[in-house]
file model_10.csv (CSV, N, CA and C atoms)
chain,number,residue,atom,x,y,z
A,1196,GLN,N,-23.4,-15.2,9.0
A,1196,GLN,CA,-22.3,-15.4,9.9
A,1196,GLN,C,-21.0,-14.8,9.4
A,1197,VAL,N,-20.3,-14.1,10.2
A,1197,VAL,CA,-19.0,-13.5,9.8
A,1197,VAL,C,-18.0,-14.6,9.8
A,1198,GLN,N,-17.4,-14.8,8.7
A,1198,GLN,CA,-16.3,-15.8,8.5
A,1198,GLN,C,-15.1,-15.1,7.9
A,1199,LEU,N,-13.9,-15.2,8.6
A,1199,LEU,CA,-12.7,-14.6,8.1
A,1199,LEU,C,-11.7,-15.7,7.8
A,1200,VAL,N,-10.9,-15.5,6.7
A,1200,VAL,CA,-9.9,-16.5,6.3
A,1200,VAL,C,-8.6,-15.7,6.0
A,1201,GLU,N,-7.6,-16.2,6.7
A,1201,GLU,CA,-6.3,-15.6,6.6
A,1201,GLU,C,-5.5,-16.4,5.6
A,1202,SER,N,-4.6,-15.8,4.9
A,1202,SER,CA,-3.6,-16.5,4.0
A,1202,SER,C,-2.4,-15.7,3.8
A,1203,GLY,N,-1.4,-16.3,3.2
A,1203,GLY,CA,-0.1,-15.6,2.9
A,1203,GLY,C,1.0,-15.9,3.9
A,1204,GLY,N,0.8,-16.7,4.9
A,1204,GLY,CA,1.9,-17.0,5.8
A,1204,GLY,C,2.9,-17.9,5.1
A,1205,GLY,N,4.0,-18.2,5.8
A,1205,GLY,CA,5.0,-19.1,5.3
A,1205,GLY,C,6.3,-18.9,6.0
A,1206,LEU,N,7.4,-19.5,5.4
A,1206,LEU,CA,8.7,-19.4,6.0
A,1206,LEU,C,9.5,-18.4,5.2
A,1207,VAL,N,10.1,-17.4,5.9
A,1207,VAL,CA,10.9,-16.4,5.3
A,1207,VAL,C,12.2,-16.1,6.1
A,1208,GLN,N,13.2,-15.7,5.4
A,1208,GLN,CA,14.5,-15.4,6.1
A,1208,GLN,C,14.4,-14.1,6.8
A,1209,PRO,N,15.2,-13.9,7.9
A,1209,PRO,CA,15.2,-12.6,8.5
A,1209,PRO,C,15.5,-11.5,7.5
A,1210,GLY,N,14.8,-10.4,7.6
A,1210,GLY,CA,15.0,-9.3,6.7
A,1210,GLY,C,14.0,-9.4,5.5
A,1211,GLY,N,13.3,-10.5,5.3
A,1211,GLY,CA,12.4,-10.7,4.2
A,1211,GLY,C,11.1,-10.1,4.5
A,1212,SER,N,10.2,-10.3,3.5
A,1212,SER,CA,8.8,-9.7,3.5
A,1212,SER,C,7.8,-10.8,3.3
A,1213,LEU,N,6.6,-10.5,3.8
A,1213,LEU,CA,5.4,-11.3,3.5
A,1213,LEU,C,4.2,-10.4,3.5
A,1214,ARG,N,3.2,-10.8,2.8
A,1214,ARG,CA,1.9,-10.0,2.8
A,1214,ARG,C,0.8,-11.0,3.2
A,1215,LEU,N,0.2,-10.7,4.3
A,1215,LEU,CA,-0.9,-11.5,4.8
A,1215,LEU,C,-2.2,-10.9,4.3
A,1216,SER,N,-3.2,-11.8,4.0
A,1216,SER,CA,-4.5,-11.4,3.6
A,1216,SER,C,-5.6,-11.9,4.6
A,1217,CYS,N,-6.6,-11.1,4.7
A,1217,CYS,CA,-7.7,-11.4,5.5
A,1217,CYS,C,-8.9,-11.2,4.6
A,1218,ALA,N,-9.6,-12.3,4.2
A,1218,ALA,CA,-10.7,-12.2,3.3
A,1218,ALA,C,-12.0,-12.6,4.0
A,1219,ALA,N,-13.1,-12.2,3.4
A,1219,ALA,CA,-14.4,-12.6,3.9
A,1219,ALA,C,-15.3,-12.8,2.8
A,1220,SER,N,-16.3,-13.7,3.0
A,1220,SER,CA,-17.4,-13.9,2.0
A,1220,SER,C,-18.7,-13.6,2.7
A,1221,ALA,N,-19.7,-13.3,1.9
A,1221,ALA,CA,-21.0,-13.1,2.3
A,1221,ALA,C,-21.3,-11.8,3.2
A,1222,PHE,N,-20.2,-11.0,3.4
A,1222,PHE,CA,-20.4,-9.7,4.0
A,1222,PHE,C,-19.2,-8.8,3.6
A,1223,SER,N,-19.4,-7.5,3.8
A,1223,SER,CA,-18.4,-6.6,3.5
A,1223,SER,C,-17.5,-6.2,4.6
A,1224,LEU,N,-16.2,-6.4,4.5
A,1224,LEU,CA,-15.3,-6.0,5.5
A,1224,LEU,C,-15.2,-4.5,5.8
A,1225,ASP,N,-15.7,-3.8,4.9
A,1225,ASP,CA,-15.7,-2.3,5.0
A,1225,ASP,C,-16.6,-1.8,6.2
A,1226,TYR,N,-17.5,-2.7,6.6
A,1226,TYR,CA,-18.4,-2.3,7.7
A,1226,TYR,C,-17.8,-2.6,9.1
A,1227,TYR,N,-16.6,-3.2,9.1
A,1227,TYR,CA,-16.0,-3.7,10.3
A,1227,TYR,C,-14.6,-3.1,10.5
A,1228,THR,N,-14.3,-2.9,11.7
A,1228,THR,CA,-12.9,-2.6,12.1
A,1228,THR,C,-12.2,-4.0,12.1
A,1229,ILE,N,-11.0,-4.0,11.5
A,1229,ILE,CA,-10.2,-5.3,11.4
A,1229,ILE,C,-8.9,-5.2,12.1
A,1230,GLY,N,-8.6,-6.2,12.9
A,1230,GLY,CA,-7.4,-6.2,13.6
A,1230,GLY,C,-6.6,-7.5,13.3
A,1231,TRP,N,-5.3,-7.3,13.4
A,1231,TRP,CA,-4.3,-8.5,13.2
A,1231,TRP,C,-3.7,-8.7,14.6
A,1232,PHE,N,-3.7,-10.0,15.0
A,1232,PHE,CA,-3.1,-10.4,16.2
A,1232,PHE,C,-2.1,-11.5,15.9
A,1233,ARG,N,-1.2,-11.8,16.8
A,1233,ARG,CA,-0.3,-13.0,16.6
A,1233,ARG,C,0.0,-13.6,17.9
A,1234,GLN,N,0.3,-14.9,17.8
A,1234,GLN,CA,0.6,-15.7,19.0
A,1234,GLN,C,1.9,-16.5,18.7
A,1235,ALA,N,2.9,-16.2,19.4
A,1235,ALA,CA,4.2,-17.0,19.3
A,1235,ALA,C,4.1,-18.2,20.2
A,1236,PRO,N,4.9,-19.2,20.0
A,1236,PRO,CA,4.9,-20.4,20.8
A,1236,PRO,C,5.2,-20.1,22.2
A,1237,GLY,N,4.3,-20.6,23.1
A,1237,GLY,CA,4.5,-20.3,24.5
A,1237,GLY,C,4.1,-19.0,25.1
A,1238,LYS,N,3.6,-18.1,24.2
A,1238,LYS,CA,3.3,-16.8,24.6
A,1238,LYS,C,1.8,-16.5,24.4
A,1239,GLU,N,1.3,-15.4,25.0
A,1239,GLU,CA,-0.1,-15.0,24.8
A,1239,GLU,C,-0.2,-14.3,23.5
A,1240,ARG,N,-1.4,-14.3,23.0
A,1240,ARG,CA,-1.7,-13.6,21.7
A,1240,ARG,C,-1.6,-12.1,22.0
A,1241,GLU,N,-1.0,-11.4,21.0
A,1241,GLU,CA,-0.8,-10.0,21.1
A,1241,GLU,C,-1.3,-9.2,19.9
A,1242,GLY,N,-1.7,-8.0,20.1
A,1242,GLY,CA,-2.2,-7.2,19.0
A,1242,GLY,C,-1.0,-6.7,18.1
A,1243,VAL,N,-1.2,-6.7,16.8
A,1243,VAL,CA,-0.2,-6.2,15.9
A,1243,VAL,C,-0.6,-4.9,15.2
A,1244,SER,N,-1.8,-4.9,14.7
A,1244,SER,CA,-2.2,-3.7,13.9
A,1244,SER,C,-3.8,-3.8,13.8
A,1245,CYS,N,-4.4,-2.6,13.5
A,1245,CYS,CA,-5.8,-2.6,13.2
A,1245,CYS,C,-6.1,-1.4,12.3
A,1246,ILE,N,-7.2,-1.6,11.6
A,1246,ILE,CA,-7.6,-0.5,10.7
A,1246,ILE,C,-9.1,-0.3,10.9
A,1247,SER,N,-9.5,0.9,11.1
A,1247,SER,CA,-10.9,1.2,11.4
A,1247,SER,C,-11.8,1.0,10.2
A,1248,ARG,N,-13.1,0.8,10.5
A,1248,ARG,CA,-14.0,0.9,9.3
A,1248,ARG,C,-14.1,2.3,8.8
A,1249,GLY,N,-14.4,2.5,7.6
A,1249,GLY,CA,-14.5,3.8,7.0
A,1249,GLY,C,-15.9,4.3,7.2
A,1250,THR,N,-16.1,5.6,7.2
A,1250,THR,CA,-17.5,6.1,7.3
A,1250,THR,C,-17.8,7.0,6.1
A,1251,THR,N,-17.2,8.1,6.0
A,1251,THR,CA,-17.4,8.9,4.8
A,1251,THR,C,-16.0,9.3,4.2
A,1252,ILE,N,-16.0,10.0,3.1
A,1252,ILE,CA,-14.8,10.5,2.6
A,1252,ILE,C,-14.1,11.4,3.5
A,1253,LEU,N,-14.8,12.2,4.3
A,1253,LEU,CA,-14.2,13.1,5.3
A,1253,LEU,C,-13.6,12.3,6.4
A,1254,TYR,N,-14.3,11.3,6.9
A,1254,TYR,CA,-13.8,10.5,8.1
A,1254,TYR,C,-13.4,9.2,7.5
A,1255,GLY,N,-12.2,9.2,7.0
A,1255,GLY,CA,-11.7,7.9,6.4
A,1255,GLY,C,-11.2,7.0,7.5
A,1256,TYR,N,-10.4,6.0,7.0
A,1256,TYR,CA,-9.8,5.0,7.9
A,1256,TYR,C,-8.7,5.6,8.7
A,1257,TYR,N,-8.5,5.0,9.9
A,1257,TYR,CA,-7.2,5.2,10.6
A,1257,TYR,C,-6.7,3.9,11.1
A,1258,ALA,N,-5.4,3.8,11.4
A,1258,ALA,CA,-4.8,2.6,11.7
A,1258,ALA,C,-4.0,2.7,13.0
A,1259,ASN,N,-3.8,1.6,13.7
A,1259,ASN,CA,-2.9,1.6,14.8
A,1259,ASN,C,-1.9,0.4,14.7
A,1260,TYR,N,-0.7,0.6,15.3
A,1260,TYR,CA,0.3,-0.4,15.2
A,1260,TYR,C,0.9,-0.7,16.6
A,1261,ALA,N,1.3,-1.9,16.9
A,1261,ALA,CA,2.1,-2.2,18.1
A,1261,ALA,C,3.5,-1.5,17.9
A,1262,ASP,N,4.1,-1.1,19.0
A,1262,ASP,CA,5.4,-0.5,18.9
A,1262,ASP,C,6.4,-1.4,18.2
A,1263,SER,N,6.3,-2.7,18.4
A,1263,SER,CA,7.3,-3.6,17.9
A,1263,SER,C,7.3,-3.7,16.4
A,1264,VAL,N,6.2,-3.3,15.7
A,1264,VAL,CA,6.1,-3.4,14.3
A,1264,VAL,C,6.0,-2.1,13.5
A,1265,LYS,N,6.0,-1.0,14.3
A,1265,LYS,CA,5.9,0.3,13.6
A,1265,LYS,C,7.1,0.6,12.7
A,1266,GLY,N,6.7,1.0,11.5
A,1266,GLY,CA,7.8,1.3,10.5
A,1266,GLY,C,8.1,0.1,9.6
A,1267,ARG,N,7.6,-1.1,10.1
A,1267,ARG,CA,7.9,-2.3,9.3
A,1267,ARG,C,6.6,-2.9,8.7
A,1268,PHE,N,5.5,-2.8,9.4
A,1268,PHE,CA,4.3,-3.4,8.9
A,1268,PHE,C,3.3,-2.3,8.5
A,1269,THR,N,2.5,-2.6,7.5
A,1269,THR,CA,1.5,-1.7,7.0
A,1269,THR,C,0.2,-2.4,6.8
A,1270,ILE,N,-0.9,-1.9,7.4
A,1270,ILE,CA,-2.2,-2.5,7.2
A,1270,ILE,C,-2.9,-1.7,6.1
A,1271,SER,N,-3.7,-2.3,5.3
A,1271,SER,CA,-4.5,-1.6,4.3
A,1271,SER,C,-5.7,-2.4,3.9
A,1272,ARG,N,-6.6,-1.7,3.3
A,1272,ARG,CA,-7.9,-2.3,2.8
A,1272,ARG,C,-7.9,-2.3,1.3
A,1273,ASP,N,-8.5,-3.3,0.7
A,1273,ASP,CA,-8.8,-3.4,-0.7
A,1273,ASP,C,-10.3,-3.8,-0.8
A,1274,ASN,N,-11.1,-2.7,-0.8
A,1274,ASN,CA,-12.5,-2.9,-0.8
A,1274,ASN,C,-13.0,-3.7,-2.0
A,1275,ALA,N,-12.4,-3.5,-3.2
A,1275,ALA,CA,-12.8,-4.1,-4.4
A,1275,ALA,C,-12.7,-5.6,-4.2
A,1276,ASN,N,-11.7,-6.1,-3.5
A,1276,ASN,CA,-11.5,-7.5,-3.3
A,1276,ASN,C,-12.0,-8.0,-1.9
A,1277,ASN,N,-12.6,-7.1,-1.1
A,1277,ASN,CA,-13.1,-7.4,0.2
A,1277,ASN,C,-12.0,-8.1,1.0
A,1278,THR,N,-10.9,-7.4,1.1
A,1278,THR,CA,-9.7,-8.0,1.7
A,1278,THR,C,-9.0,-6.9,2.5
A,1279,VAL,N,-8.4,-7.3,3.6
A,1279,VAL,CA,-7.5,-6.5,4.4
A,1279,VAL,C,-6.1,-7.1,4.4
A,1280,TYR,N,-5.1,-6.3,4.1
A,1280,TYR,CA,-3.8,-6.8,4.0
A,1280,TYR,C,-2.9,-6.4,5.2
A,1281,LEU,N,-1.9,-7.2,5.5
A,1281,LEU,CA,-0.9,-6.8,6.4
A,1281,LEU,C,0.4,-7.0,5.7
A,1282,GLN,N,1.0,-6.0,5.2
A,1282,GLN,CA,2.3,-6.0,4.6
A,1282,GLN,C,3.4,-6.0,5.6
A,1283,MET,N,4.3,-7.0,5.7
A,1283,MET,CA,5.3,-7.1,6.7
A,1283,MET,C,6.7,-7.1,6.0
A,1284,LYS,N,7.5,-6.2,6.4
A,1284,LYS,CA,8.8,-6.0,5.9
A,1284,LYS,C,9.9,-6.1,7.0
A,1285,SER,N,11.1,-6.3,6.6
A,1285,SER,CA,12.2,-6.4,7.6
A,1285,SER,C,11.9,-7.3,8.7
A,1286,LEU,N,11.4,-8.5,8.3
A,1286,LEU,CA,10.9,-9.4,9.4
A,1286,LEU,C,12.1,-9.9,10.2
A,1287,LYS,N,11.7,-10.2,11.5
A,1287,LYS,CA,12.7,-10.6,12.5
A,1287,LYS,C,12.2,-12.0,13.0
A,1288,PRO,N,13.1,-12.8,13.6
A,1288,PRO,CA,12.7,-14.1,14.2
A,1288,PRO,C,11.6,-13.9,15.2
A,1289,GLU,N,11.6,-12.8,15.9
A,1289,GLU,CA,10.6,-12.6,17.0
A,1289,GLU,C,9.2,-12.3,16.4
A,1290,ASP,N,9.1,-12.1,15.1
A,1290,ASP,CA,7.8,-12.0,14.4
A,1290,ASP,C,7.2,-13.3,14.1
A,1291,THR,N,7.9,-14.4,14.4
A,1291,THR,CA,7.3,-15.7,14.2
A,1291,THR,C,6.1,-16.0,15.1
A,1292,GLY,N,5.1,-16.6,14.5
A,1292,GLY,CA,3.9,-16.9,15.2
A,1292,GLY,C,2.7,-17.2,14.3
A,1293,VAL,N,1.6,-17.5,14.9
A,1293,VAL,CA,0.4,-17.7,14.1
A,1293,VAL,C,-0.3,-16.3,14.1
A,1294,TYR,N,-0.6,-15.8,12.9
A,1294,TYR,CA,-1.3,-14.5,12.8
A,1294,TYR,C,-2.8,-14.7,12.5
A,1295,TYR,N,-3.6,-14.0,13.3
A,1295,TYR,CA,-5.0,-14.0,13.2
A,1295,TYR,C,-5.6,-12.7,12.8
A,1296,CYS,N,-6.6,-12.7,11.9
A,1296,CYS,CA,-7.3,-11.4,11.8
A,1296,CYS,C,-8.7,-11.6,12.5
A,1297,ALA,N,-9.2,-10.4,12.9
A,1297,ALA,CA,-10.4,-10.4,13.7
A,1297,ALA,C,-11.2,-9.2,13.3
A,1298,ALA,N,-12.5,-9.2,13.6
A,1298,ALA,CA,-13.4,-8.2,13.1
A,1298,ALA,C,-14.4,-7.8,14.2
A,1299,VAL,N,-14.7,-6.5,14.2
A,1299,VAL,CA,-15.7,-6.0,15.2
A,1299,VAL,C,-16.4,-4.8,14.5
A,1300,GLY,N,-17.7,-4.7,14.7
A,1300,GLY,CA,-18.5,-3.6,14.2
A,1300,GLY,C,-18.1,-2.4,14.9
A,1301,GLY,N,-18.3,-1.2,14.2
A,1301,GLY,CA,-17.9,0.0,14.8
A,1301,GLY,C,-16.6,0.5,14.3
A,1302,ARG,N,-16.2,1.7,14.8
A,1302,ARG,CA,-15.0,2.4,14.3
A,1302,ARG,C,-13.8,2.4,15.2
A,1303,ARG,N,-14.0,1.8,16.4
A,1303,ARG,CA,-12.9,1.8,17.4
A,1303,ARG,C,-11.8,0.8,17.0
A,1304,CYS,N,-10.6,1.3,16.8
A,1304,CYS,CA,-9.5,0.5,16.4
A,1304,CYS,C,-8.5,0.4,17.5
A,1305,VAL,N,-8.6,-0.7,18.3
A,1305,VAL,CA,-7.6,-0.9,19.4
A,1305,VAL,C,-7.1,-2.3,19.3
A,1306,LEU,N,-5.9,-2.5,19.9
A,1306,LEU,CA,-5.2,-3.8,19.9
A,1306,LEU,C,-5.5,-4.6,21.1
A,1307,LEU,N,-6.8,-4.8,21.4
A,1307,LEU,CA,-7.2,-5.5,22.6
A,1307,LEU,C,-8.1,-6.7,22.1
A,1308,GLU,N,-7.7,-7.9,22.5
A,1308,GLU,CA,-8.5,-9.1,22.0
A,1308,GLU,C,-10.0,-9.0,22.4
A,1309,PRO,N,-10.4,-8.7,23.6
A,1309,PRO,CA,-11.8,-8.8,23.9
A,1309,PRO,C,-12.7,-7.8,23.1
A,1310,THR,N,-12.0,-6.9,22.4
A,1310,THR,CA,-12.8,-5.9,21.6
A,1310,THR,C,-13.4,-6.6,20.4
A,1311,TYR,N,-12.8,-7.6,19.9
A,1311,TYR,CA,-13.2,-8.2,18.7
A,1311,TYR,C,-14.2,-9.4,18.8
A,1312,ASP,N,-15.1,-9.5,17.9
A,1312,ASP,CA,-16.2,-10.5,18.0
A,1312,ASP,C,-15.9,-11.7,17.1
A,1313,TYR,N,-15.2,-11.5,16.0
A,1313,TYR,CA,-15.1,-12.6,15.0
A,1313,TYR,C,-13.6,-12.8,14.8
A,1314,TRP,N,-13.2,-14.1,14.6
A,1314,TRP,CA,-11.8,-14.5,14.4
A,1314,TRP,C,-11.7,-15.5,13.3
A,1315,GLY,N,-10.5,-15.3,12.6
A,1315,GLY,CA,-10.2,-16.4,11.6
A,1315,GLY,C,-9.4,-17.5,12.3
A,1316,GLN,N,-9.0,-18.5,11.5
A,1316,GLN,CA,-8.3,-19.6,12.0
A,1316,GLN,C,-6.8,-19.4,12.1
A,1317,GLY,N,-6.3,-18.4,11.5
A,1317,GLY,CA,-4.8,-18.1,11.6
A,1317,GLY,C,-4.0,-18.6,10.5
A,1318,THR,N,-2.9,-18.0,10.3
A,1318,THR,CA,-1.9,-18.4,9.3
A,1318,THR,C,-0.5,-18.4,9.9
A,1319,GLN,N,0.3,-19.4,9.7
A,1319,GLN,CA,1.6,-19.5,10.3
A,1319,GLN,C,2.7,-18.6,9.6
A,1320,VAL,N,3.4,-17.8,10.4
A,1320,VAL,CA,4.5,-17.1,9.8
A,1320,VAL,C,5.8,-17.5,10.6
A,1321,THR,N,6.8,-18.0,9.9
A,1321,THR,CA,8.0,-18.4,10.5
A,1321,THR,C,9.2,-17.6,9.9
A,1322,VAL,N,9.9,-16.9,10.7
A,1322,VAL,CA,11.1,-16.1,10.3
A,1322,VAL,C,12.3,-16.8,10.8
A,1323,SER,N,13.1,-17.4,9.9
A,1323,SER,CA,14.2,-18.2,10.3
A,1323,SER,C,15.2,-18.3,9.2
A,1324,SER,N,16.5,-18.4,9.5
A,1324,SER,CA,17.5,-18.6,8.5
A,1324,SER,C,17.8,-20.1,8.4

call {"tool": "encode", "arguments": {"input": "model_10.csv", "output": "structure tokens"}}
result
Amino acid sequence: QVQLVESGGGLVQPGGSLRLSCAASAFSLDYYTIGWFRQAPGKEREGVSCISRGTTILYGYYANYADSVKGRFTISRDNANNTVYLQMKSLKPEDTGVYYCAAVGGRRCVLLEPTYDYWGQGTQVTVSS
């Protein structure tokens, strides 16, 4: 069974940084496309970023980002630790929410909830002074 665990959330001031982690046990994240989503209070969950599964050295990973986070967030893989990271910089109050990672087999990396089959429980990010 695919189980995902997010960590790294917390309270940070505007302009600060956080790094979220999405870890898995008993299976390799490298075989899955991983997405990050967030849900702010009173709002629907929205896609933040995703990174495709890798196939060969020639056809490596690719990533997508929501327009609202481009240039501030970076998604990456650490296959040695079976973890996907979301590095968040220049955080804004509107980045506040519960952040979820999700996984789907295959190489399609899109920021659409129904695409993903497996979800973590989420980690809270609060950006406030």

call {"tool": "closest_residue", "arguments": {"input": "model_10.csv", "among": "A:Cys1217, A:Val1200, A:Cys1304, A:Leu1206", "to": "A:Val1322", "atoms": "all atoms listed in the file"}}
result
A:Leu1206

call {"tool": "atom_distance", "arguments": {"input": "model_10.csv", "atom1": "atom C of A:Ala1297", "atom2": "atom N of A:Ala1221"}}
result
14.8 Å

call {"tool": "closest_residue", "arguments": {"input": "model_10.csv", "among": "A:Leu1281, A:Gly1301, A:Arg1272, A:Ser1244", "to": "A:Tyr1226", "atoms": "all atoms listed in the file"}}
result
A:Gly1301

call {"tool": "atom_distance", "arguments": {"input": "model_10.csv", "atom1": "atom CA of A:Lys1265", "atom2": "atom CA of A:Ser1212"}}
result
14.5 Å

call {"tool": "residues_near_point", "arguments": {"input": "model_10.csv", "point": "(-1.4, -17.0, -1.4)", "cutoff": "12 Å", "atoms": "only C-alpha atoms", "output": "ChimeraX atom specification"}}
result
/A:1200-1205,1213-1218,1280,1318

call {"tool": "write_last_selection", "arguments": {"input": "model_10.csv", "atoms": "N, CA and C atoms", "output": "PDB file, in the coordinates of the input"}}
result
ATOM      1  N   VAL A1200     -10.900 -15.500   6.700  1.00  0.00           N
ATOM      2  CA  VAL A1200      -9.900 -16.500   6.300  1.00  0.00           C
ATOM      3  C   VAL A1200      -8.600 -15.700   6.000  1.00  0.00           C
ATOM      4  N   GLU A1201      -7.600 -16.200   6.700  1.00  0.00           N
ATOM      5  CA  GLU A1201      -6.300 -15.600   6.600  1.00  0.00           C
ATOM      6  C   GLU A1201      -5.500 -16.400   5.600  1.00  0.00           C
ATOM      7  N   SER A1202      -4.600 -15.800   4.900  1.00  0.00           N
ATOM      8  CA  SER A1202      -3.600 -16.500   4.000  1.00  0.00           C
ATOM      9  C   SER A1202      -2.400 -15.700   3.800  1.00  0.00           C
ATOM     10  N   GLY A1203      -1.400 -16.300   3.200  1.00  0.00           N
ATOM     11  CA  GLY A1203      -0.100 -15.600   2.900  1.00  0.00           C
ATOM     12  C   GLY A1203       1.000 -15.900   3.900  1.00  0.00           C
ATOM     13  N   GLY A1204       0.800 -16.700   4.900  1.00  0.00           N
ATOM     14  CA  GLY A1204       1.900 -17.000   5.800  1.00  0.00           C
ATOM     15  C   GLY A1204       2.900 -17.900   5.100  1.00  0.00           C
ATOM     16  N   GLY A1205       4.000 -18.200   5.800  1.00  0.00           N
ATOM     17  CA  GLY A1205       5.000 -19.100   5.300  1.00  0.00           C
ATOM     18  C   GLY A1205       6.300 -18.900   6.000  1.00  0.00           C
ATOM     19  N   LEU A1213       6.600 -10.500   3.800  1.00  0.00           N
ATOM     20  CA  LEU A1213       5.400 -11.300   3.500  1.00  0.00           C
ATOM     21  C   LEU A1213       4.200 -10.400   3.500  1.00  0.00           C
ATOM     22  N   ARG A1214       3.200 -10.800   2.800  1.00  0.00           N
ATOM     23  CA  ARG A1214       1.900 -10.000   2.800  1.00  0.00           C
ATOM     24  C   ARG A1214       0.800 -11.000   3.200  1.00  0.00           C
ATOM     25  N   LEU A1215       0.200 -10.700   4.300  1.00  0.00           N
ATOM     26  CA  LEU A1215      -0.900 -11.500   4.800  1.00  0.00           C
ATOM     27  C   LEU A1215      -2.200 -10.900   4.300  1.00  0.00           C
ATOM     28  N   SER A1216      -3.200 -11.800   4.000  1.00  0.00           N
ATOM     29  CA  SER A1216      -4.500 -11.400   3.600  1.00  0.00           C
ATOM     30  C   SER A1216      -5.600 -11.900   4.600  1.00  0.00           C
ATOM     31  N   CYS A1217      -6.600 -11.100   4.700  1.00  0.00           N
ATOM     32  CA  CYS A1217      -7.700 -11.400   5.500  1.00  0.00           C
ATOM     33  C   CYS A1217      -8.900 -11.200   4.600  1.00  0.00           C
ATOM     34  N   ALA A1218      -9.600 -12.300   4.200  1.00  0.00           N
ATOM     35  CA  ALA A1218     -10.700 -12.200   3.300  1.00  0.00           C
ATOM     36  C   ALA A1218     -12.000 -12.600   4.000  1.00  0.00           C
ATOM     37  N   TYR A1280      -5.100  -6.300   4.100  1.00  0.00           N
ATOM     38  CA  TYR A1280      -3.800  -6.800   4.000  1.00  0.00           C
ATOM     39  C   TYR A1280      -2.900  -6.400   5.200  1.00  0.00           C
ATOM     40  N   THR A1318      -2.900 -18.000  10.300  1.00  0.00           N
ATOM     41  CA  THR A1318      -1.900 -18.400   9.300  1.00  0.00           C
ATOM     42  C   THR A1318      -0.500 -18.400   9.900  1.00  0.00           C
TER      43      THR A1318
END

call {"tool": "residues_around", "arguments": {"input": "model_10.csv", "residues": "A:Gln1234", "least_positions_apart": "6", "cutoff": "8 Å", "atoms": "only C-alpha atoms", "output": "number ranges by chain"}}
result
A: 1240-1241, 1292-1294

call {"tool": "write_last_selection", "arguments": {"input": "model_10.csv", "atoms": "N, CA and C atoms", "output": "tab-separated table (two decimals), in the frame of the given file"}}
result
chain	number	residue	atom	x	y	z
A	1240	ARG	N	-1.40	-14.30	23.00
A	1240	ARG	CA	-1.70	-13.60	21.70
A	1240	ARG	C	-1.60	-12.10	22.00
A	1241	GLU	N	-1.00	-11.40	21.00
A	1241	GLU	CA	-0.80	-10.00	21.10
A	1241	GLU	C	-1.30	-9.20	19.90
A	1292	GLY	N	5.10	-16.60	14.50
A	1292	GLY	CA	3.90	-16.90	15.20
A	1292	GLY	C	2.70	-17.20	14.30
A	1293	VAL	N	1.60	-17.50	14.90
A	1293	VAL	CA	0.40	-17.70	14.10
A	1293	VAL	C	-0.30	-16.30	14.10
A	1294	TYR	N	-0.60	-15.80	12.90
A	1294	TYR	CA	-1.30	-14.50	12.80
A	1294	TYR	C	-2.80	-14.70	12.50

call {"tool": "atom_distance", "arguments": {"input": "model_10.csv", "atom1": "atom C of A:Leu1306", "atom2": "atom CA of A:Ser1323"}}
result
26.3 Å

call {"tool": "closest_residue", "arguments": {"input": "model_10.csv", "among": "A:Ile1229, A:Ala1261, A:Met1283, A:Ala1275", "to": "A:Cys1296", "atoms": "all atoms listed in the file"}}
result
A:Ile1229

call {"tool": "residues_around", "arguments": {"input": "model_10.csv", "residues": "A:Thr1310", "least_positions_apart": "3", "cutoff": "6.5 Å", "atoms": "all atoms listed in the file", "output": "VMD selection string"}}
result
chain A and resid 1298 to 1299 1307

call {"tool": "residues_around", "arguments": {"input": "model_10.csv", "residues": "A:Arg1248", "least_positions_apart": "3", "cutoff": "8 Å", "atoms": "all atoms listed in the file", "output": "ChimeraX atom specification"}}
result
/A:1224-1229,1245,1251,1254-1257,1299-1304

call {"tool": "write_last_selection", "arguments": {"input": "model_10.csv", "atoms": "N, CA and C atoms", "output": "compact mmCIF listing (two decimals), in the frame of the given file"}}
result
# COMPACT_ATOMS: atom_id res chain seq x y z
N LEU A 1224 -16.20 -6.40 4.50
CA LEU A 1224 -15.30 -6.00 5.50
C LEU A 1224 -15.20 -4.50 5.80
N ASP A 1225 -15.70 -3.80 4.90
CA ASP A 1225 -15.70 -2.30 5.00
C ASP A 1225 -16.60 -1.80 6.20
N TYR A 1226 -17.50 -2.70 6.60
CA TYR A 1226 -18.40 -2.30 7.70
C TYR A 1226 -17.80 -2.60 9.10
N TYR A 1227 -16.60 -3.20 9.10
CA TYR A 1227 -16.00 -3.70 10.30
C TYR A 1227 -14.60 -3.10 10.50
N THR A 1228 -14.30 -2.90 11.70
CA THR A 1228 -12.90 -2.60 12.10
C THR A 1228 -12.20 -4.00 12.10
N ILE A 1229 -11.00 -4.00 11.50
CA ILE A 1229 -10.20 -5.30 11.40
C ILE A 1229 -8.90 -5.20 12.10
N CYS A 1245 -4.40 -2.60 13.50
CA CYS A 1245 -5.80 -2.60 13.20
C CYS A 1245 -6.10 -1.40 12.30
N THR A 1251 -17.20 8.10 6.00
CA THR A 1251 -17.40 8.90 4.80
C THR A 1251 -16.00 9.30 4.20
N TYR A 1254 -14.30 11.30 6.90
CA TYR A 1254 -13.80 10.50 8.10
C TYR A 1254 -13.40 9.20 7.50
N GLY A 1255 -12.20 9.20 7.00
CA GLY A 1255 -11.70 7.90 6.40
C GLY A 1255 -11.20 7.00 7.50
N TYR A 1256 -10.40 6.00 7.00
CA TYR A 1256 -9.80 5.00 7.90
C TYR A 1256 -8.70 5.60 8.70
N TYR A 1257 -8.50 5.00 9.90
CA TYR A 1257 -7.20 5.20 10.60
C TYR A 1257 -6.70 3.90 11.10
N VAL A 1299 -14.70 -6.50 14.20
CA VAL A 1299 -15.70 -6.00 15.20
C VAL A 1299 -16.40 -4.80 14.50
N GLY A 1300 -17.70 -4.70 14.70
CA GLY A 1300 -18.50 -3.60 14.20
C GLY A 1300 -18.10 -2.40 14.90
N GLY A 1301 -18.30 -1.20 14.20
CA GLY A 1301 -17.90 0.00 14.80
C GLY A 1301 -16.60 0.50 14.30
N ARG A 1302 -16.20 1.70 14.80
CA ARG A 1302 -15.00 2.40 14.30
C ARG A 1302 -13.80 2.40 15.20
N ARG A 1303 -14.00 1.80 16.40
CA ARG A 1303 -12.90 1.80 17.40
C ARG A 1303 -11.80 0.80 17.00
N CYS A 1304 -10.60 1.30 16.80
CA CYS A 1304 -9.50 0.50 16.40
C CYS A 1304 -8.50 0.40 17.50
